[in-house]
Each structure stands twice: as C-alpha cells, then as structure tokens.
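Pasting data_21.txt here (compact mmCIF, C-alpha atoms and all ligand atoms):
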```txt
# COMPACT_ATOMS: atom_id res chain seq x y z
CA MET A 256 137.70 66.47 100.08
CA THR A 257 139.08 69.54 98.31
CA MET A 258 136.73 71.81 96.43
CA GLY A 259 137.47 75.50 96.09
CA CYS A 260 136.40 76.61 92.68
CA GLY A 261 134.68 75.05 89.76
CA LEU A 262 132.51 75.43 86.69
CA LEU A 263 128.76 75.69 86.40
CA PHE A 264 127.22 74.62 83.12
CA ASP A 265 123.63 75.69 82.48
CA GLN A 266 122.18 73.57 79.70
CA THR A 267 119.35 76.03 79.09
CA LEU A 268 121.82 78.80 78.21
CA CYS A 269 124.09 76.77 75.93
CA LEU A 270 123.94 77.79 72.27
CA GLY A 271 125.92 74.80 71.04
CA CYS A 272 128.39 77.19 69.42
CA GLY A 273 131.43 75.05 70.24
CA ALA A 274 133.55 78.02 71.31
CA CYS A 275 134.41 76.19 74.54
CA GLU A 276 135.69 73.20 72.56
CA LEU A 277 137.93 75.36 70.36
CA ALA A 278 139.25 77.41 73.30
CA CYS A 279 140.08 74.22 75.18
CA GLN A 280 141.88 72.76 72.17
CA LYS A 281 143.89 75.96 71.68
CA GLU A 282 144.82 76.11 75.37
CA HIS A 283 146.14 72.54 75.18
CA GLY A 284 147.89 72.74 71.81
CA GLN A 285 145.43 70.39 70.14
CA PRO A 286 144.33 70.69 66.50
CA PRO A 287 141.13 72.77 66.18
CA HIS A 288 138.15 70.58 65.34
CA LYS A 289 134.49 69.95 66.09
CA ALA A 290 134.66 67.49 68.94
CA VAL A 291 132.11 64.68 68.81
CA LYS A 292 133.25 62.73 71.87
CA LEU A 293 135.89 62.90 74.57
CA ASP A 294 139.21 61.67 73.24
CA ALA A 295 142.92 62.40 73.49
CA ASP A 296 142.50 65.66 71.54
CA SER A 297 139.10 66.65 72.93
CA PHE A 298 138.88 67.33 76.67
CA THR A 299 135.34 68.61 76.23
CA PHE A 300 132.56 68.31 73.70
CA VAL A 301 129.10 69.72 73.25
CA GLY A 302 126.37 67.48 71.90
CA ARG A 303 122.78 68.22 70.92
CA VAL A 304 120.09 66.64 73.07
CA GLU A 305 116.36 66.55 72.45
CA GLY A 306 114.27 69.52 73.49
CA GLY A 307 116.51 72.00 71.67
CA TYR A 308 119.23 71.80 74.30
CA PHE A 309 122.96 71.18 74.10
CA GLN A 310 125.00 69.27 76.68
CA ARG A 311 128.67 69.75 77.57
CA HIS A 312 130.82 66.83 78.63
CA LEU A 313 134.11 67.10 80.53
CA CYS A 314 135.89 65.85 83.65
CA MET A 315 133.74 66.60 86.69
CA HIS A 316 136.75 67.29 88.96
CA CYS A 317 135.51 65.18 91.85
CA GLY A 318 136.18 66.45 95.35
CA ASP A 319 137.43 63.00 96.27
CA PRO A 320 138.55 61.68 92.87
CA ALA A 321 138.42 57.93 92.30
CA CYS A 322 140.95 58.28 89.46
CA ALA A 323 143.55 59.68 91.85
CA SER A 324 142.73 57.19 94.58
CA VAL A 325 143.70 54.19 92.43
CA CYS A 326 146.85 55.69 90.89
CA PRO A 327 149.78 53.74 92.36
CA VAL A 328 152.23 56.61 91.78
CA SER A 329 149.99 59.65 92.40
CA ALA A 330 150.22 60.80 88.81
CA LEU A 331 146.72 62.20 89.32
CA ARG A 332 146.10 64.54 92.23
CA ILE A 333 143.66 67.17 93.37
CA THR A 334 144.92 70.72 93.87
CA LYS A 335 143.83 73.06 96.64
CA GLU A 336 141.65 74.86 94.08
CA GLY A 337 139.80 71.62 93.30
CA ALA A 338 141.29 70.84 89.88
CA VAL A 339 142.23 67.19 89.33
CA VAL A 340 145.54 67.32 87.46
CA TYR A 341 147.86 64.78 85.90
CA ASP A 342 151.64 64.37 85.69
CA ALA A 343 152.52 62.37 82.58
CA SER A 344 156.18 62.14 83.61
CA ILE A 345 155.44 59.66 86.41
CA CYS A 346 152.44 57.84 84.89
CA LEU A 347 152.93 54.07 84.53
CA GLY A 348 150.27 53.65 81.86
CA CYS A 349 148.37 51.12 83.99
CA ARG A 350 145.03 52.84 83.19
CA TYR A 351 143.47 52.06 86.56
CA CYS A 352 142.28 55.67 86.54
CA VAL A 353 140.41 55.01 83.28
CA MET A 354 138.62 52.10 84.91
CA ALA A 355 137.95 53.85 88.21
CA CYS A 356 136.32 57.04 86.93
CA PRO A 357 132.56 56.82 87.54
CA PHE A 358 131.91 59.28 84.70
CA LEU A 359 134.05 57.39 82.11
CA ILE A 360 136.16 60.50 81.46
CA PRO A 361 139.90 59.75 81.11
CA LYS A 362 141.04 58.62 77.66
CA TYR A 363 144.30 56.95 76.72
CA GLU A 364 146.56 57.97 73.83
CA TRP A 365 146.54 54.63 72.05
CA ASN A 366 148.10 55.97 68.88
CA SER A 367 151.07 57.68 70.51
CA PRO A 368 154.51 56.11 71.00
CA PHE A 369 154.51 57.70 74.48
CA PRO A 370 150.86 57.38 75.49
CA ARG A 371 149.37 59.57 78.19
CA VAL A 372 146.06 59.65 80.01
CA ARG A 373 144.10 62.63 78.70
CA LYS A 374 141.31 64.63 80.31
CA CYS A 375 140.31 68.18 81.23
CA ASP A 376 142.71 69.69 83.77
CA LEU A 377 140.53 72.73 84.50
CA CYS A 378 143.26 74.68 82.67
CA TYR A 379 145.19 74.47 85.92
CA GLU A 380 148.79 75.18 84.90
CA GLY A 381 148.07 77.84 82.33
CA ARG A 382 145.21 79.65 84.01
CA VAL A 383 143.57 78.63 87.28
CA SER A 384 146.85 78.39 89.23
CA LYS A 385 147.47 82.00 88.12
CA GLY A 386 144.06 83.20 89.24
CA GLU A 387 142.55 83.19 85.74
CA GLU A 388 139.39 81.44 84.62
CA PRO A 389 139.57 78.32 82.41
CA ALA A 390 139.63 78.87 78.64
CA CYS A 391 136.12 77.47 78.09
CA ALA A 392 134.52 79.80 80.61
CA SER A 393 136.44 82.79 79.25
CA VAL A 394 134.93 82.44 75.75
CA CYS A 395 131.38 81.28 76.46
CA PRO A 396 129.21 83.96 74.83
CA ASN A 397 126.05 83.26 76.80
CA GLY A 398 127.12 82.51 80.34
CA ALA A 399 126.34 78.81 79.87
CA THR A 400 129.73 77.93 81.32
CA VAL A 401 130.90 80.08 84.20
CA PHE A 402 133.82 79.76 86.60
CA GLY A 403 133.81 80.67 90.28
CA GLU A 404 133.84 79.51 93.86
CA ARG A 405 131.97 76.22 94.11
CA ALA A 406 129.77 77.40 96.97
CA GLU A 407 128.78 80.49 95.00
CA LEU A 408 128.10 78.47 91.84
CA LEU A 409 125.90 76.11 93.83
CA ARG A 410 123.98 79.09 95.22
CA ILE A 411 123.49 80.47 91.69
CA ALA A 412 122.38 77.09 90.37
CA LYS A 413 119.84 76.52 93.13
CA GLY A 414 118.55 80.07 92.77
CA ARG A 415 117.85 79.53 89.07
CA ILE A 416 116.05 76.24 89.74
CA GLN A 417 114.00 77.85 92.49
CA ARG A 418 113.03 80.85 90.36
CA GLU A 419 112.08 78.79 87.30
CA PRO A 420 110.99 75.34 88.47
CA GLU A 421 109.04 74.79 85.25
CA LYS A 422 112.23 75.24 83.24
CA TYR A 423 114.83 73.27 85.21
CA ILE A 424 115.13 69.71 86.49
CA ASP A 425 115.19 70.00 90.28
CA GLU A 426 118.75 68.80 90.76
CA VAL A 427 122.24 70.24 90.54
CA TYR A 428 124.20 67.48 88.84
CA GLY A 429 127.49 67.28 90.71
CA GLU A 430 126.24 68.57 94.05
CA TYR A 431 126.28 65.04 95.44
CA GLN A 432 127.35 62.69 92.60
CA ALA A 433 130.56 60.82 93.51
CA GLY A 434 130.53 62.70 96.81
CA GLY A 435 130.38 66.11 95.12
CA THR A 436 132.24 67.54 92.15
CA SER A 437 133.75 70.91 91.25
CA VAL A 438 132.04 70.92 87.86
CA MET A 439 128.27 71.18 88.26
CA MET A 440 125.44 71.24 85.76
CA ILE A 441 121.80 72.26 85.70
CA LEU A 442 119.56 70.80 83.05
CA GLY A 443 116.44 71.91 81.26
CA LYS A 444 113.29 69.86 81.63
CA THR A 445 113.07 67.50 78.70
CA THR A 446 112.05 63.92 78.22
CA ALA A 447 115.36 63.23 76.50
CA ALA A 448 118.45 61.90 78.23
CA SER A 449 121.26 64.41 78.68
CA GLY A 450 123.93 61.85 77.92
CA LEU A 451 125.33 62.40 81.42
CA ARG A 452 126.11 59.30 83.43
CA GLU A 453 123.12 58.29 85.47
CA GLY A 454 123.21 56.25 88.63
CA VAL A 455 126.59 57.59 89.75
CA LEU A 456 126.89 56.78 93.44
CA LEU A 457 126.33 59.76 95.67
CA ASP A 458 129.10 58.75 98.05
CA ALA A 459 132.75 59.52 97.48
CA LEU A 460 134.24 56.56 95.64
CA PRO A 461 137.79 56.20 96.93
CA PRO A 462 136.68 53.95 99.81
CA LEU A 463 135.43 51.57 97.10
CA THR A 464 138.33 51.89 94.72
CA GLY A 465 140.85 51.44 97.48
CA ARG A 466 142.54 54.54 98.84
CA MET A 467 145.27 52.26 100.14
CA LEU A 468 146.47 51.60 96.61
CA ARG A 469 148.18 54.98 96.65
CA LYS A 470 150.38 53.75 99.46
CA ILE A 471 151.52 50.60 97.68
CA PRO A 472 154.87 50.94 95.93
CA VAL A 473 155.08 50.13 92.26
CA ALA A 474 153.82 46.56 92.47
CA VAL A 475 151.61 46.55 89.45
CA PRO A 476 150.74 42.84 89.29
CA VAL A 477 149.72 42.86 92.95
CA VAL A 478 147.69 46.01 92.46
CA GLY A 479 146.09 44.40 89.44
CA LEU A 480 144.99 41.38 91.44
CA MET A 481 143.59 43.57 94.17
CA LEU A 482 141.69 45.69 91.73
CA ALA A 483 140.22 42.63 90.12
CA GLY A 484 138.48 41.99 93.40
CA PHE A 485 136.54 45.20 93.38
CA TYR A 486 133.07 44.65 92.04
CA PHE A 487 132.75 48.35 91.28
CA LEU A 488 135.62 48.20 88.82
CA THR A 489 134.98 44.87 87.20
CA LYS A 490 131.33 45.68 86.56
CA ARG A 491 132.46 48.39 84.19
CA LYS A 492 135.24 46.48 82.45
CA ASN A 493 133.18 45.68 79.39
CA ASP A 494 132.19 49.31 78.84
CA ILE A 495 135.80 50.40 78.98
CA ALA A 496 137.05 47.59 76.75
CA LYS A 497 134.51 48.51 74.11
CA GLU A 498 135.44 52.17 74.24
CA GLU A 499 139.15 51.41 74.09
CA GLU A 500 138.66 49.18 71.09
CA GLU A 501 136.93 52.07 69.34
CA GLU A 502 139.76 54.43 70.36
CA LYS A 503 142.39 52.01 69.04
CA ASN A 504 140.59 51.71 65.74
CA GLY A 505 140.44 55.48 65.50
S1 LIG A 601 130.88 78.19 74.53
FE1 LIG A 601 129.13 78.27 75.96
S2 LIG A 601 127.33 78.48 74.63
FE2 LIG A 601 129.01 77.82 73.29
S3 LIG A 601 128.85 75.55 73.27
FE3 LIG A 601 130.25 76.08 74.94
S4 LIG A 601 128.98 76.18 76.79
FE4 LIG A 601 127.59 76.29 75.01
S1 LIG A 602 135.37 62.75 86.72
FE1 LIG A 602 136.68 60.95 86.61
S2 LIG A 602 138.62 61.71 85.77
FE2 LIG A 602 137.46 63.49 86.53
S3 LIG A 602 138.19 63.78 88.66
FE3 LIG A 602 136.33 62.50 88.76
S4 LIG A 602 137.16 60.39 88.74
FE4 LIG A 602 138.80 61.72 88.03
S1 LIG A 603 138.43 73.80 82.03
FE1 LIG A 603 140.06 74.00 80.50
S2 LIG A 603 140.65 71.87 80.08
FE2 LIG A 603 138.62 71.80 81.05
S3 LIG A 603 137.17 71.82 79.34
FE3 LIG A 603 137.44 73.95 80.02
S4 LIG A 603 139.04 74.71 78.63
FE4 LIG A 603 139.13 72.49 78.55
```
Before we go any further, please render this structure as structure tokens.
Ligand code: SF4
Ligand code: SF4
Ligand code: SF4
Amino acid sequence: MTMGCGLLFDQTLCLGCGACELACQKEHGQPPHKAVKLDADSFTFVGRVEGGYFQRHLCMHCGDPACASVCPVSALRITKEGAVVYDASICLGCRYCVMACPFLIPKYEWNSPFPRVRKCDLCYEGRVSKGEEPACASVCPNGATVFGERAELLRIAKGRIQREPEKYIDEVYGEYQAGGTSVMMILGKTTAASGLREGVLLDALPPLTGRMLRKIPVAVPVVGLMLAGFYFLTKRKNDIAKEEEEEKNG
C-alpha cells in the first residue's frame, strides 16, 4: 500500500461555491462548466445534500487501488505520493478498471474517436509531482478541501470529530474503506445520505479483483473470462451498464 499525501474534504466547511470544479477543469484543459456528475470532462463535482451541506465527489486514490490491480497493461498505477494515475498511451480500452472501482469513479470517453478512461489524477503531473498542491485545494476559499500528508490529515480529521462530536459523524470516510484511501472526508450529522458509496468493503480489494491479472500478457478474452468469475465484479455489472448507457446517450 502506498499513501503519502492526500486530500481532506470537510463537508461542514464546504460552501458549494464550485471553485474546486472550475480549477480542476482548467488544470485539465476541460471546458468550464457547473459539473453535475462525474464524467469525462468533470473529475470532481459538488452536490447539495440535505441539512444545508454540500458533498464533493472525486477519485478516492485508494492505497491499494482495485482499478490498477485489474489493468492488464498497468495503464493505471499508484505513485509514491499516493496519486493513482493513468497512461492513456498504453490503455487497451477494456474498461476493467471501470468495473473494478468500488466507488464507481472512472468514466469512459464514449463520444471520442480515441476514448480514454477519465478520472481525477490528484493533479499529479502538473502539480503534486512538483511539490505543489492540487488545483482544487489551492482555490478552496474555506478550507473545505485541504492537501497534505495523509497521516496529518487523518489527525486533523479525528481532532475535529473529537472536539465537536455533536457536529460530525464519528467516522473518517476513507480511513478504512477499500483498505484506506488518500482522499478522506468528514461529514456533518444529518439524516440525509451524502451520496457517497456506502458498504464499501473495508479490506483492500485487489485480492478480490485479482492482482495476478497485472501479470497476464495482453490476453483480453482470457482475462475477460476470468473476470466474469469474480462475484464482486459481476454483482455491479448492471450499475455500470446503466451508467454507461446514460454516458453514451449524453
Ligand atoms: S472550492 Fe471548497 S468550498 Fe467551494 S465547493 Fe469546492 S470544496 Fe466546497
Ligand atoms: S477510487 Fe476507484 S478509480 Fe480511484 S483509485 Fe480507487 S479504485 Fe481506482
Ligand atoms: S486533485 Fe486535481 S484532478 Fe483531482 S479533483 Fe482536485 S483538481 Fe481535480
């Protein structure tokens, strides 16, 4: 597991201003827009939830990423800083990563002649690899999204929960989900759902998704048959198919 740095999102501090969305789009050369869901041009979006709160959505940058574990050509990989990054030049377009992600994050460029898998890269090339903070954290006006060492962010998150237990849900989302993620979130107490994926296994997922797939040469049909055997993946097939249909139809 690799986790050096990460992001902490504090739902109770988020103003819903959308500055993080716009900064992310600018950093990645995407058209500026109000994002309403994760898609090929929106690596993050902020949605209103009940209780007066706003919730950010983005790749969680798992410490042991299932998306990377199923990629037959290692087009997805985790860096020493903890960012899960993608190399479009070697991607086969098999979309196993899309199916494997427990948070339903990666999207596919259905409308492009040269489709890529798209998701937050923690601004790795342009910023984090140069020692700078990600674009979203750099513009957040209220400290709702902050960048730092994961251990320090976890300490901050737990400190806030401890100091104001009546305000926060007693859990750091991402501390244990999928074995632990570099992006973590703390949520305000509300009866409403945050829109975050619930029931994500607390163990790292690659043992389920088949770490050995990385070692198999480009034998896509064989890999496909093997994947079909994994209950974890097939259980979610319908969800993905529905989402992809929506993506295709714009
Ligand atoms: S920039 Fe900060 S305050 Fe504004 S929507 Fe994003 S996380 Fe919330
Ligand atoms: S959240 Fe999904 S896409 Fe992001 S690193 Fe984890 S498995 Fe990969
Ligand atoms: S870390 Fe970078 S790529 Fe990820 S949501 Fe923030 S601005 Fe976008």
>> Which residues are near segment 308-314 of chain A? Cut-off 8 Å, all atoms listed in the file, ignore same chain within fewer than 6 positions. Put them as number ranges by chain.
In response: A: 264, 266-267, 269-271, 293, 298-302, 358, 360-361, 374-376, 438, 443, 449-451
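With atom CA of Cys352 of chain A on one side and atom CA of Arg371 of chain A on the other, the separation reads 11.6 Å.
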> Mind listing the residues within 7 Å of ligand LIG 603 (chain A), all atoms listed in the file counted, as a PyMOL selection string?
Replying inline: chain A and resi 275-276+278-280+282+298-299+313+375-378+389-392
> Expressed in Å to a single decimal, how great is the separation between atom CA of Gly284 of chain A and atom FE4 of ligand LIG 602 (chain A)?
Replying inline: 21.6 Å
> Hey, which of A:Glu407, A:Met439, A:Cys395, A:Ala290 ends up closest to ligand LIG 601 (chain A)? Count only C-alpha atoms and all ligand atoms.
Replying inline: A:Cys395
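For the choices A:Leu442, A:Val304, A:Cys346, A:Ala295, the atom-to-atom distance to Pro420 of chain A is smallest for A:Leu442 when using all atoms listed in the file.
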I'd like the contact shell of Leu277 of chain A - 8 Å cut-off, only C-alpha atoms, skipping same-chain residues fewer than 5 positions apart - returned as a compact mmCIF listing (two decimals) with C-alpha atoms, in the frame of the given file.
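Writing the result to out_13.txt gives the following:
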```
# COMPACT_ATOMS: atom_id res chain seq x y z
CA PRO A 287 141.13 72.77 66.18
CA HIS A 288 138.15 70.58 65.34
CA LYS A 289 134.49 69.95 66.09
```
>> So that I can check the surroundings of Asp342 of chain A, please list as number ranges by chain every protein, DNA and RNA residue that reaches within 9 Å of it, counting all atoms listed in the file and ignoring chain neighbours fewer than 2 positions away.
In response: A: 329-332, 340, 344-346
>> Using all atoms listed in the file, which residues have at least one atom no more than 8 Å from ligand LIG 602 (chain A)? Output them as a count of residues only.
In response: 27
> For the atom pair atom CA of Ile424 of chain A and atom CA of Arg303 of chain A, what is the interatomic distance in Å to one decimal place?
Replying inline: 17.4 Å
Scan for residues within 12 Å of the point (112.5, 75.7, 85.9) in the coordinates of the file, using all atoms listed in the file, and reply as a PDB file with C-alpha atoms, keeping the file's coordinate frame.
```
ATOM      1  CA  ASP A 265     123.630  75.690  82.480  1.00  0.00           C
ATOM      2  CA  GLN A 266     122.180  73.570  79.700  1.00  0.00           C
ATOM      3  CA  THR A 267     119.350  76.030  79.090  1.00  0.00           C
ATOM      4  CA  ALA A 412     122.380  77.090  90.370  1.00  0.00           C
ATOM      5  CA  LYS A 413     119.840  76.520  93.130  1.00  0.00           C
ATOM      6  CA  GLY A 414     118.550  80.070  92.770  1.00  0.00           C
ATOM      7  CA  ARG A 415     117.850  79.530  89.070  1.00  0.00           C
ATOM      8  CA  ILE A 416     116.050  76.240  89.740  1.00  0.00           C
ATOM      9  CA  GLN A 417     114.000  77.850  92.490  1.00  0.00           C
ATOM     10  CA  ARG A 418     113.030  80.850  90.360  1.00  0.00           C
ATOM     11  CA  GLU A 419     112.080  78.790  87.300  1.00  0.00           C
ATOM     12  CA  PRO A 420     110.990  75.340  88.470  1.00  0.00           C
ATOM     13  CA  GLU A 421     109.040  74.790  85.250  1.00  0.00           C
ATOM     14  CA  LYS A 422     112.230  75.240  83.240  1.00  0.00           C
ATOM     15  CA  TYR A 423     114.830  73.270  85.210  1.00  0.00           C
ATOM     16  CA  ILE A 424     115.130  69.710  86.490  1.00  0.00           C
ATOM     17  CA  ASP A 425     115.190  70.000  90.280  1.00  0.00           C
ATOM     18  CA  GLU A 426     118.750  68.800  90.760  1.00  0.00           C
ATOM     19  CA  ILE A 441     121.800  72.260  85.700  1.00  0.00           C
ATOM     20  CA  LEU A 442     119.560  70.800  83.050  1.00  0.00           C
ATOM     21  CA  GLY A 443     116.440  71.910  81.260  1.00  0.00           C
ATOM     22  CA  LYS A 444     113.290  69.860  81.630  1.00  0.00           C
ATOM     23  CA  THR A 445     113.070  67.500  78.700  1.00  0.00           C
TER      24      THR A 445
END
```
> Between A:Val401, A:Cys260, A:Cys349, A:Val383, which has the minimum distance to ligand LIG 601 (chain A) (counting all atoms listed in the file)?
Replying inline: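 Result for the nearest residue to ligand LIG 601 (chain A): A:Val401.
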Edge lengths and centre, in Å to one decimal, as AutoDock Vina command-line options: that's what I need for the box along x, y and z that holds all listed atoms of segment 429-447 of chain A plus 8 Å on each side.
```
--center_x 122.9 --center_y 66.5 --center_z 86.7 --size_x 37.7 --size_y 27.4 --size_z 36.3
```
> Using all atoms listed in the file, which residue out of A:Gly273, A:Gly261, A:Pro370, A:Pro286 lies closest to ligand LIG 601 (chain A)?
Replying inline: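 Of the candidates, the smallest distance to ligand LIG 601 (chain A) is held by A:Gly273.
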> Which one is closest to ligand LIG 601 (chain A): A:Tyr341, A:Tyr428, A:Trp365, A:Phe402? Count all atoms listed in the file.
Replying inline: A:Phe402
> For ligand LIG 601 (chain A), which residue out of A:Thr334, A:Ser367, A:Gln432, A:Thr400 is the nearest one, using only C-alpha atoms and all ligand atoms?
Replying inline: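 When distances to ligand LIG 601 (chain A) are compared using only C-alpha atoms and all ligand atoms, the smallest one comes from A:Thr400.
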